[in-house]
Amino acid sequence: MATKCANCPLQRSDVFVDLNEDEIRYMQKFKVGELEVNPGTPLLMEGSNSPQLYTALRGMGLRYKTLENGNRQVINFVFPGDFIGLQAGIMGEMQHSVEATSPMTLCVFDRSEFWSFFKSHPERAFDLTWMAAAEEHFLGEALASVGQRTAYEAIAWALCKIMLRGQALGLARDRVMPLPFRQQDLADALGLSLVHTNKTLSKLRTRQLANWSDDALIVNDLGALAKAACMTLEPLMKRPIM
């Protein structure tokens with residue numbers, strides 16, 4: 001049975017901005033159903049113009065772009081609460097692909113209602129603009145890590161970001177959170193070889209800063225990991241949810 005927007009489990013998380021009753025009613029009208037997918041399922045393909053948009057209700061995935069030579073660049077990771085398909089909604093087609101890496105439940109929205117959504121609820125259109133700006137900010141941080149951080153610092157930065165997100169979503173308990181990705185995914189995100197990524201993760205494990213194995217990430221000391229990443233720990237900003 002589809003989850004009612006009034007009972008959305010994501011609203012229990014402090015990281016999301018609370019919706020008022022009017023916004024909840026409209027989101028319920030905008031939502032056309034839910035979709036459950038298995039790991040490895042493509043959600044949106046680069047170049048496609050899917051008639052549907054999604055919010056990740058449960059589970060994780062990744063966004064990636066495929067180059068002409070077949071190589072893959074992971075853009076970022078998808079977490080619960082992320083809106084999927086904004087490019088297709090605005091530009092007509094996706095400029096990257098999105099794939100589930102764990103079992104996922106997705107709230108489904110009809111793209112044809114997108115513009116009426118803007119017209120009737122301009123404050124929600126601002127929320128989408130905020131999401132796009134936050135995505136741009138994250139990509140800037142990621143590019144700085146790829147270009148200016150060492151492999152050790154970049155991987156520490158990525159694991160810090162992931163753990164902070166997991167804590168905010170209530171996915172992390174006792175310093176442990178599920179991480180249903182492959183080391184190759186992290187390597188592709190940071191522009192590193194798999195061998196270099198594996199050796200760097202081993203260094204972090206030896207120094208008891210972080211351990212990633214069996215689809216779980218353990219961070220013993222987030223402050224120390226942030227120091228290794230040459231970053232300052234800051235609380236996550238409250239973010240809108242669709």
# chains A, B, ... in the order shown; residues from 1 in each chain; ligands from 1
call {"tool": "residues_around", "arguments": {"residues": "stretch 41-54 of chain A", "least_positions_apart": "3", "cutoff": "10 Å", "atoms": "only C-alpha atoms", "output": "JSON, numbers by chain"}}
result
{"A": [31, 32, 33, 34, 35, 36, 37, 38, 57, 61, 62, 63, 64, 65, 66, 81, 82, 83, 84, 85, 86, 87, 88, 89, 91, 92, 93, 94, 95, 96, 97, 98, 99, 100, 101, 102, 103, 104, 105, 106, 107, 108, 109, 110, 111, 112, 113, 114, 242]}
call {"tool": "write_last_selection", "arguments": {"atoms": "N, CA and C atoms", "output": "short mmCIF file (atom, residue, chain, number, x, y, z; two decimals), in the first residue's frame"}}
result
data_model
loop_
_atom_site.label_atom_id
_atom_site.label_comp_id
_atom_site.auth_asym_id
_atom_site.auth_seq_id
_atom_site.Cartn_x
_atom_site.Cartn_y
_atom_site.Cartn_z
N LYS A 31 1.33 13.23 -6.27
CA LYS A 31 1.88 11.88 -6.24
C LYS A 31 0.90 10.91 -6.90
N VAL A 32 1.39 10.13 -7.86
CA VAL A 32 0.51 9.20 -8.57
C VAL A 32 0.70 7.76 -8.12
N GLY A 33 1.68 7.51 -7.26
CA GLY A 33 1.87 6.15 -6.78
C GLY A 33 3.26 5.93 -6.24
N GLU A 34 3.60 4.68 -6.01
CA GLU A 34 4.93 4.30 -5.54
C GLU A 34 5.47 3.18 -6.41
N LEU A 35 6.78 3.12 -6.50
CA LEU A 35 7.46 2.11 -7.30
C LEU A 35 8.53 1.47 -6.43
N GLU A 36 8.54 0.15 -6.40
CA GLU A 36 9.58 -0.59 -5.69
C GLU A 36 10.50 -1.26 -6.70
N VAL A 37 11.79 -1.07 -6.53
CA VAL A 37 12.76 -1.60 -7.50
C VAL A 37 13.85 -2.36 -6.77
N ASN A 38 14.50 -3.25 -7.50
CA ASN A 38 15.59 -4.06 -6.96
C ASN A 38 16.94 -3.41 -7.25
N LEU A 57 12.09 7.42 -1.41
CA LEU A 57 11.47 7.28 -0.09
C LEU A 57 12.32 6.37 0.80
N GLY A 61 20.90 4.86 -4.23
CA GLY A 61 21.27 4.63 -5.62
C GLY A 61 22.42 5.54 -5.98
N LEU A 62 22.72 5.61 -7.27
CA LEU A 62 23.78 6.52 -7.71
C LEU A 62 23.43 7.14 -9.06
N ARG A 63 23.99 8.33 -9.26
CA ARG A 63 23.86 9.05 -10.53
C ARG A 63 25.21 8.95 -11.24
N TYR A 64 25.16 8.70 -12.54
CA TYR A 64 26.42 8.58 -13.27
C TYR A 64 26.24 9.01 -14.72
N LYS A 65 27.35 9.35 -15.34
CA LYS A 65 27.36 9.72 -16.74
C LYS A 65 28.33 8.79 -17.48
N THR A 66 27.91 8.30 -18.63
CA THR A 66 28.75 7.40 -19.41
C THR A 66 29.41 8.20 -20.54
N GLY A 81 14.97 10.90 0.34
CA GLY A 81 14.63 12.32 0.31
C GLY A 81 15.10 13.03 -0.93
N ASP A 82 15.98 12.42 -1.72
CA ASP A 82 16.49 13.05 -2.94
C ASP A 82 15.43 13.02 -4.04
N PHE A 83 15.35 14.11 -4.79
CA PHE A 83 14.43 14.22 -5.92
C PHE A 83 15.17 13.78 -7.17
N ILE A 84 14.55 12.92 -7.96
CA ILE A 84 15.20 12.29 -9.11
C ILE A 84 14.44 12.64 -10.38
N GLY A 85 15.14 13.19 -11.36
CA GLY A 85 14.52 13.48 -12.65
C GLY A 85 14.30 14.95 -12.92
N LEU A 86 14.89 15.82 -12.10
CA LEU A 86 14.69 17.26 -12.29
C LEU A 86 15.16 17.71 -13.67
N GLN A 87 16.27 17.14 -14.16
CA GLN A 87 16.76 17.52 -15.49
C GLN A 87 15.72 17.21 -16.56
N ALA A 88 15.12 16.03 -16.48
CA ALA A 88 14.12 15.65 -17.48
C ALA A 88 12.90 16.57 -17.37
N GLY A 89 12.56 16.96 -16.14
CA GLY A 89 11.41 17.83 -15.95
C GLY A 89 11.62 19.21 -16.53
N MET A 91 14.60 20.17 -18.68
CA MET A 91 15.30 20.22 -19.96
C MET A 91 14.73 19.27 -21.01
N GLY A 92 13.79 18.42 -20.60
CA GLY A 92 13.17 17.52 -21.56
C GLY A 92 13.80 16.15 -21.61
N GLU A 93 15.07 16.03 -21.24
CA GLU A 93 15.70 14.72 -21.19
C GLU A 93 16.83 14.72 -20.17
N MET A 94 17.16 13.54 -19.70
CA MET A 94 18.19 13.39 -18.69
C MET A 94 19.57 13.54 -19.31
N GLN A 95 20.47 14.20 -18.56
CA GLN A 95 21.86 14.34 -18.98
C GLN A 95 22.76 13.33 -18.28
N HIS A 96 22.18 12.53 -17.40
CA HIS A 96 22.92 11.45 -16.74
C HIS A 96 21.94 10.33 -16.41
N SER A 97 22.46 9.21 -15.95
CA SER A 97 21.63 8.06 -15.60
C SER A 97 21.54 7.93 -14.08
N VAL A 98 20.49 7.24 -13.63
CA VAL A 98 20.30 6.98 -12.21
C VAL A 98 19.96 5.50 -12.04
N GLU A 99 20.63 4.85 -11.09
CA GLU A 99 20.45 3.41 -10.89
C GLU A 99 20.32 3.11 -9.40
N ALA A 100 19.46 2.16 -9.07
CA ALA A 100 19.31 1.72 -7.69
C ALA A 100 20.49 0.82 -7.31
N THR A 101 21.03 1.01 -6.12
CA THR A 101 22.09 0.11 -5.63
C THR A 101 21.62 -0.71 -4.44
N SER A 102 20.40 -0.48 -3.99
CA SER A 102 19.78 -1.27 -2.94
C SER A 102 18.29 -1.36 -3.30
N PRO A 103 17.53 -2.19 -2.61
CA PRO A 103 16.08 -2.13 -2.83
C PRO A 103 15.59 -0.71 -2.53
N MET A 104 14.80 -0.15 -3.43
CA MET A 104 14.34 1.23 -3.27
C MET A 104 12.82 1.32 -3.39
N THR A 105 12.26 2.24 -2.63
CA THR A 105 10.86 2.63 -2.80
C THR A 105 10.85 4.08 -3.25
N LEU A 106 10.16 4.36 -4.34
CA LEU A 106 10.15 5.69 -4.94
C LEU A 106 8.73 6.24 -4.97
N CYS A 107 8.58 7.48 -4.54
CA CYS A 107 7.33 8.20 -4.76
C CYS A 107 7.33 8.66 -6.22
N VAL A 108 6.24 8.42 -6.93
CA VAL A 108 6.18 8.70 -8.36
C VAL A 108 5.29 9.92 -8.62
N PHE A 109 5.80 10.83 -9.46
CA PHE A 109 5.06 12.03 -9.84
C PHE A 109 4.96 12.10 -11.36
N ASP A 110 3.87 12.66 -11.84
CA ASP A 110 3.64 12.79 -13.28
C ASP A 110 4.31 14.06 -13.79
N ARG A 111 5.25 13.90 -14.72
CA ARG A 111 5.98 15.06 -15.23
C ARG A 111 5.07 16.06 -15.93
N SER A 112 3.96 15.59 -16.52
CA SER A 112 3.06 16.49 -17.24
C SER A 112 2.40 17.50 -16.31
N GLU A 113 2.40 17.21 -15.00
CA GLU A 113 1.80 18.13 -14.02
C GLU A 113 2.82 19.11 -13.45
N PHE A 114 4.04 19.02 -13.95
CA PHE A 114 5.14 19.79 -13.37
C PHE A 114 4.89 21.30 -13.43
N MET A 242 10.25 16.83 -1.60
CA MET A 242 9.13 16.76 -2.55
C MET A 242 8.30 15.52 -2.26
#
call {"tool": "residues_around", "arguments": {"residues": "A:Ala151", "least_positions_apart": "6", "cutoff": "9 Å", "atoms": "only C-alpha atoms", "output": "ChimeraX atom specification"}}
result
/A:145,190,192,196-197,200
call {"tool": "write_last_selection", "arguments": {"atoms": "N, CA and C atoms", "output": "CSV table (one decimal), in the first residue's frame"}}
result
chain,number,residue,atom,x,y,z
A,145,SER,N,37.6,18.4,-4.4
A,145,SER,CA,38.2,17.3,-3.9
A,145,SER,C,39.0,16.5,-4.9
A,190,LEU,N,35.5,9.8,-7.6
A,190,LEU,CA,36.6,10.6,-7.2
A,190,LEU,C,37.8,10.6,-8.3
A,192,LEU,N,39.6,8.0,-9.3
A,192,LEU,CA,40.7,7.2,-8.8
A,192,LEU,C,40.6,5.8,-9.4
A,196,HIS,N,44.0,2.0,-6.2
A,196,HIS,CA,44.4,3.2,-5.4
A,196,HIS,C,43.3,3.4,-4.3
A,197,THR,N,42.1,3.2,-4.7
A,197,THR,CA,40.9,3.4,-3.7
A,197,THR,C,41.0,2.3,-2.6
A,200,THR,N,43.9,3.0,-0.2
A,200,THR,CA,43.6,4.2,0.6
A,200,THR,C,42.6,3.8,1.7
call {"tool": "select_by_dssp", "arguments": {"residues": "stretch 93-183 of chain A", "states": "strand (DSSP E)", "output": "ChimeraX atom specification"}}
result
/A:97-100,104-110,176-178
call {"tool": "write_last_selection", "arguments": {"atoms": "all heavy atoms", "output": "tab-separated table (two decimals), in the first residue's frame"}}
result
chain	number	residue	atom	x	y	z
A	97	SER	N	22.46	9.21	-15.95
A	97	SER	CA	21.63	8.06	-15.60
A	97	SER	C	21.54	7.93	-14.08
A	97	SER	O	22.40	8.41	-13.35
A	97	SER	CB	22.22	6.77	-16.20
A	97	SER	OG	22.29	6.86	-17.60
A	98	VAL	N	20.49	7.24	-13.63
A	98	VAL	CA	20.30	6.98	-12.21
A	98	VAL	C	19.96	5.50	-12.04
A	98	VAL	O	19.12	4.97	-12.77
A	98	VAL	CB	19.16	7.84	-11.61
A	98	VAL	CG1	19.09	7.64	-10.09
A	98	VAL	CG2	19.34	9.31	-11.95
A	99	GLU	N	20.63	4.85	-11.09
A	99	GLU	CA	20.45	3.41	-10.89
A	99	GLU	C	20.32	3.11	-9.40
A	99	GLU	O	20.99	3.72	-8.57
A	99	GLU	CB	21.66	2.68	-11.47
A	99	GLU	CG	21.66	1.18	-11.31
A	99	GLU	CD	22.90	0.54	-11.89
A	99	GLU	OE1	23.11	0.67	-13.11
A	99	GLU	OE2	23.68	-0.07	-11.12
A	100	ALA	N	19.46	2.16	-9.07
A	100	ALA	CA	19.31	1.72	-7.69
A	100	ALA	C	20.49	0.82	-7.31
A	100	ALA	O	20.89	-0.03	-8.10
A	100	ALA	CB	18.00	0.97	-7.50
A	104	MET	N	14.80	-0.15	-3.43
A	104	MET	CA	14.34	1.23	-3.27
A	104	MET	C	12.82	1.32	-3.39
A	104	MET	O	12.20	0.57	-4.16
A	104	MET	CB	14.98	2.15	-4.32
A	104	MET	CG	16.47	2.34	-4.20
A	104	MET	SD	17.11	3.61	-5.35
A	104	MET	CE	16.53	5.12	-4.52
A	105	THR	N	12.26	2.24	-2.63
A	105	THR	CA	10.86	2.63	-2.80
A	105	THR	C	10.85	4.08	-3.25
A	105	THR	O	11.49	4.93	-2.62
A	105	THR	CB	10.07	2.49	-1.48
A	105	THR	OG1	10.15	1.13	-1.03
A	105	THR	CG2	8.61	2.87	-1.69
A	106	LEU	N	10.16	4.36	-4.34
A	106	LEU	CA	10.15	5.69	-4.94
A	106	LEU	C	8.73	6.24	-4.97
A	106	LEU	O	7.79	5.54	-5.36
A	106	LEU	CB	10.68	5.63	-6.37
A	106	LEU	CG	12.06	4.99	-6.56
A	106	LEU	CD1	12.28	4.65	-8.02
A	106	LEU	CD2	13.15	5.95	-6.08
A	107	CYS	N	8.58	7.48	-4.54
A	107	CYS	CA	7.33	8.20	-4.76
A	107	CYS	C	7.33	8.66	-6.22
A	107	CYS	O	8.32	9.23	-6.69
A	107	CYS	CB	7.21	9.41	-3.83
A	107	CYS	SG	7.18	8.98	-2.08
A	108	VAL	N	6.24	8.42	-6.93
A	108	VAL	CA	6.18	8.70	-8.36
A	108	VAL	C	5.29	9.92	-8.62
A	108	VAL	O	4.19	10.02	-8.07
A	108	VAL	CB	5.62	7.49	-9.13
A	108	VAL	CG1	5.62	7.76	-10.63
A	108	VAL	CG2	6.43	6.23	-8.81
A	109	PHE	N	5.80	10.83	-9.46
A	109	PHE	CA	5.06	12.03	-9.84
A	109	PHE	C	4.96	12.10	-11.36
A	109	PHE	O	5.88	11.67	-12.07
A	109	PHE	CB	5.75	13.29	-9.31
A	109	PHE	CG	6.01	13.26	-7.84
A	109	PHE	CD1	7.28	12.99	-7.34
A	109	PHE	CD2	4.99	13.49	-6.93
A	109	PHE	CE1	7.53	12.95	-5.98
A	109	PHE	CE2	5.22	13.45	-5.56
A	109	PHE	CZ	6.50	13.19	-5.09
A	110	ASP	N	3.87	12.66	-11.84
A	110	ASP	CA	3.64	12.79	-13.28
A	110	ASP	C	4.31	14.06	-13.79
A	110	ASP	O	3.98	15.16	-13.35
A	110	ASP	CB	2.13	12.84	-13.54
A	110	ASP	CG	1.79	12.74	-15.01
A	110	ASP	OD1	2.70	12.93	-15.84
A	110	ASP	OD2	0.62	12.46	-15.33
A	176	VAL	N	27.66	3.14	12.81
A	176	VAL	CA	27.58	2.24	11.66
A	176	VAL	C	26.38	2.62	10.80
A	176	VAL	O	25.29	2.90	11.31
A	176	VAL	CB	27.42	0.77	12.13
A	176	VAL	CG1	27.38	-0.17	10.92
A	176	VAL	CG2	28.53	0.38	13.08
A	177	MET	N	26.58	2.64	9.48
A	177	MET	CA	25.47	2.89	8.56
A	177	MET	C	25.59	1.96	7.35
A	177	MET	O	26.69	1.58	6.96
A	177	MET	CB	25.43	4.34	8.11
A	177	MET	CG	26.51	4.76	7.14
A	177	MET	SD	26.20	6.39	6.38
A	177	MET	CE	24.89	5.97	5.22
A	178	PRO	N	24.46	1.56	6.77
A	178	PRO	CA	24.52	0.74	5.56
A	178	PRO	C	25.10	1.54	4.40
A	178	PRO	O	24.82	2.73	4.26
A	178	PRO	CB	23.05	0.38	5.31
A	178	PRO	CG	22.27	1.45	6.00
A	178	PRO	CD	23.07	1.85	7.19
call {"tool": "closest_residue", "arguments": {"among": "A:Pro235, A:Lys227, A:Asp22, A:Pro240", "to": "A:Ser120", "atoms": "only C-alpha atoms"}}
result
A:Asp22
call {"tool": "residues_around", "arguments": {"residues": "stretch 209-215 of chain A", "least_positions_apart": "5", "cutoff": "12 Å", "atoms": "only C-alpha atoms", "output": "PyMOL selection string"}}
result
chain A and resi 60+101-102+152+155-160+162-163+175-183+186+197-198+200-204+220-229
call {"tool": "atom_distance", "arguments": {"atom1": "atom CA of A:Glu23", "atom2": "atom CA of A:Pro122"}}
result
11.2 Å
call {"tool": "closest_residue", "arguments": {"among": "A:Thr3, A:Ser193, A:Phe138, A:Ile241", "to": "A:Ala125", "atoms": "only C-alpha atoms"}}
result
A:Ile241
call {"tool": "closest_residue", "arguments": {"among": "A:Ala216, A:Leu171, A:Leu194, A:Val74", "to": "A:Leu139", "atoms": "only C-alpha atoms"}}
result
A:Val74
call {"tool": "closest_residue", "arguments": {"among": "A:Ala187, A:Arg239, A:Ala56, A:Ala154", "to": "A:Leu19", "atoms": "only C-alpha atoms"}}
result
A:Arg239
call {"tool": "residues_around", "arguments": {"residues": "A:Leu169", "least_positions_apart": "6", "cutoff": "9 Å", "atoms": "only C-alpha atoms", "output": "mmCIF file with N, CA, C and O atoms, in the first residue's frame"}}
result
data_model
loop_
_atom_site.group_PDB
_atom_site.id
_atom_site.type_symbol
_atom_site.label_atom_id
_atom_site.label_comp_id
_atom_site.auth_asym_id
_atom_site.auth_seq_id
_atom_site.Cartn_x
_atom_site.Cartn_y
_atom_site.Cartn_z
ATOM 1 N N LEU A 10 9.932 10.295 6.008
ATOM 2 C CA LEU A 10 11.019 11.265 5.876
ATOM 3 C C LEU A 10 10.753 12.512 6.707
ATOM 4 O O LEU A 10 11.690 13.200 7.124
ATOM 5 N N ARG A 12 9.895 12.653 9.612
ATOM 6 C CA ARG A 12 10.350 12.456 11.000
ATOM 7 C C ARG A 12 11.797 12.876 11.176
ATOM 8 O O ARG A 12 12.284 12.986 12.295
ATOM 9 N N SER A 13 12.494 13.065 10.062
ATOM 10 C CA SER A 13 13.904 13.449 10.131
ATOM 11 C C SER A 13 14.031 14.956 10.278
ATOM 12 O O SER A 13 13.354 15.723 9.594
ATOM 13 N N ASP A 14 14.925 15.376 11.164
ATOM 14 C CA ASP A 14 15.125 16.812 11.406
ATOM 15 C C ASP A 14 15.786 17.523 10.239
ATOM 16 O O ASP A 14 15.802 18.749 10.188
ATOM 17 N N VAL A 15 16.342 16.769 9.285
ATOM 18 C CA VAL A 15 17.077 17.409 8.190
ATOM 19 C C VAL A 15 16.140 18.007 7.136
ATOM 20 O O VAL A 15 16.554 18.836 6.332
ATOM 21 N N PHE A 79 20.250 9.338 -1.843
ATOM 22 C CA PHE A 79 19.814 8.967 -0.495
ATOM 23 C C PHE A 79 18.313 9.221 -0.353
ATOM 24 O O PHE A 79 17.728 9.950 -1.164
ATOM 25 N N PRO A 80 17.685 8.649 0.668
ATOM 26 C CA PRO A 80 16.274 8.945 0.904
ATOM 27 C C PRO A 80 16.029 10.453 1.001
ATOM 28 O O PRO A 80 16.793 11.177 1.642
ATOM 29 N N GLY A 81 14.973 10.900 0.336
ATOM 30 C CA GLY A 81 14.633 12.319 0.314
ATOM 31 C C GLY A 81 15.104 13.035 -0.932
ATOM 32 O O GLY A 81 14.662 14.158 -1.213
#
call {"tool": "residues_around", "arguments": {"residues": "A:Gly191", "least_positions_apart": "3", "cutoff": "8 Å", "atoms": "only C-alpha atoms", "output": "PyMOL selection string"}}
result
chain A and resi 73+146+187-188
call {"tool": "closest_residue", "arguments": {"among": "A:Lys4, A:Lys238, A:Arg173, A:Arg25", "to": "A:Ile218", "atoms": "only C-alpha atoms"}}
result
A:Arg173
call {"tool": "select_by_dssp", "arguments": {"residues": "stretch 33-161 of chain A", "states": "helix (DSSP H, G or I)", "output": "PyMOL selection string"}}
result
chain A and resi 86-91+111-120+122-148+151-161
call {"tool": "write_last_selection", "arguments": {"atoms": "C-alpha atoms", "output": "tab-separated table (two decimals), in the first residue's frame"}}
result
chain	number	residue	atom	x	y	z
A	86	LEU	CA	14.69	17.26	-12.29
A	87	GLN	CA	16.76	17.52	-15.49
A	88	ALA	CA	14.12	15.65	-17.48
A	89	GLY	CA	11.41	17.83	-15.95
A	90	ILE	CA	13.14	21.07	-16.93
A	91	MET	CA	15.30	20.22	-19.96
A	111	ARG	CA	5.98	15.06	-15.23
A	112	SER	CA	3.06	16.49	-17.24
A	113	GLU	CA	1.80	18.13	-14.02
A	114	PHE	CA	5.14	19.79	-13.37
A	115	TRP	CA	4.31	23.24	-14.75
A	116	SER	CA	0.87	23.40	-13.15
A	117	PHE	CA	2.68	22.48	-9.95
A	118	PHE	CA	4.84	25.59	-10.37
A	119	LYS	CA	1.87	27.82	-11.13
A	120	SER	CA	-0.31	26.73	-8.24
A	122	PRO	CA	5.28	28.87	-6.40
A	123	GLU	CA	6.83	28.31	-2.97
A	124	ARG	CA	7.34	24.66	-3.91
A	125	ALA	CA	8.96	25.79	-7.15
A	126	PHE	CA	11.43	27.72	-4.99
A	127	ASP	CA	12.13	24.47	-3.13
A	128	LEU	CA	13.09	22.82	-6.41
A	129	THR	CA	15.37	25.77	-7.17
A	130	TRP	CA	16.99	25.29	-3.75
A	131	MET	CA	17.56	21.61	-4.56
A	132	ALA	CA	19.22	22.50	-7.85
A	133	ALA	CA	21.45	25.07	-6.10
A	134	ALA	CA	22.39	22.53	-3.40
A	135	GLU	CA	23.30	20.02	-6.11
A	136	GLU	CA	25.50	22.61	-7.83
A	137	HIS	CA	27.20	23.39	-4.50
A	138	PHE	CA	27.90	19.71	-3.87
A	139	LEU	CA	29.35	19.23	-7.35
A	140	GLY	CA	31.66	22.20	-6.70
A	141	GLU	CA	32.87	20.56	-3.50
A	142	ALA	CA	33.35	17.24	-5.28
A	143	LEU	CA	35.34	18.89	-8.08
A	144	ALA	CA	37.56	20.63	-5.50
A	145	SER	CA	38.20	17.25	-3.87
A	146	VAL	CA	39.07	15.63	-7.18
A	147	GLY	CA	41.37	18.47	-8.19
A	148	GLN	CA	42.97	19.61	-4.93
A	151	ALA	CA	43.44	10.45	-2.66
A	152	TYR	CA	43.61	9.95	1.11
A	153	GLU	CA	41.97	13.31	1.79
A	154	ALA	CA	39.37	12.87	-0.96
A	155	ILE	CA	38.20	9.47	0.26
A	156	ALA	CA	38.10	10.71	3.86
A	157	TRP	CA	36.01	13.67	2.62
A	158	ALA	CA	33.59	11.41	0.76
A	159	LEU	CA	33.11	9.07	3.73
A	160	CYS	CA	32.56	12.08	6.02
A	161	LYS	CA	29.88	13.43	3.71
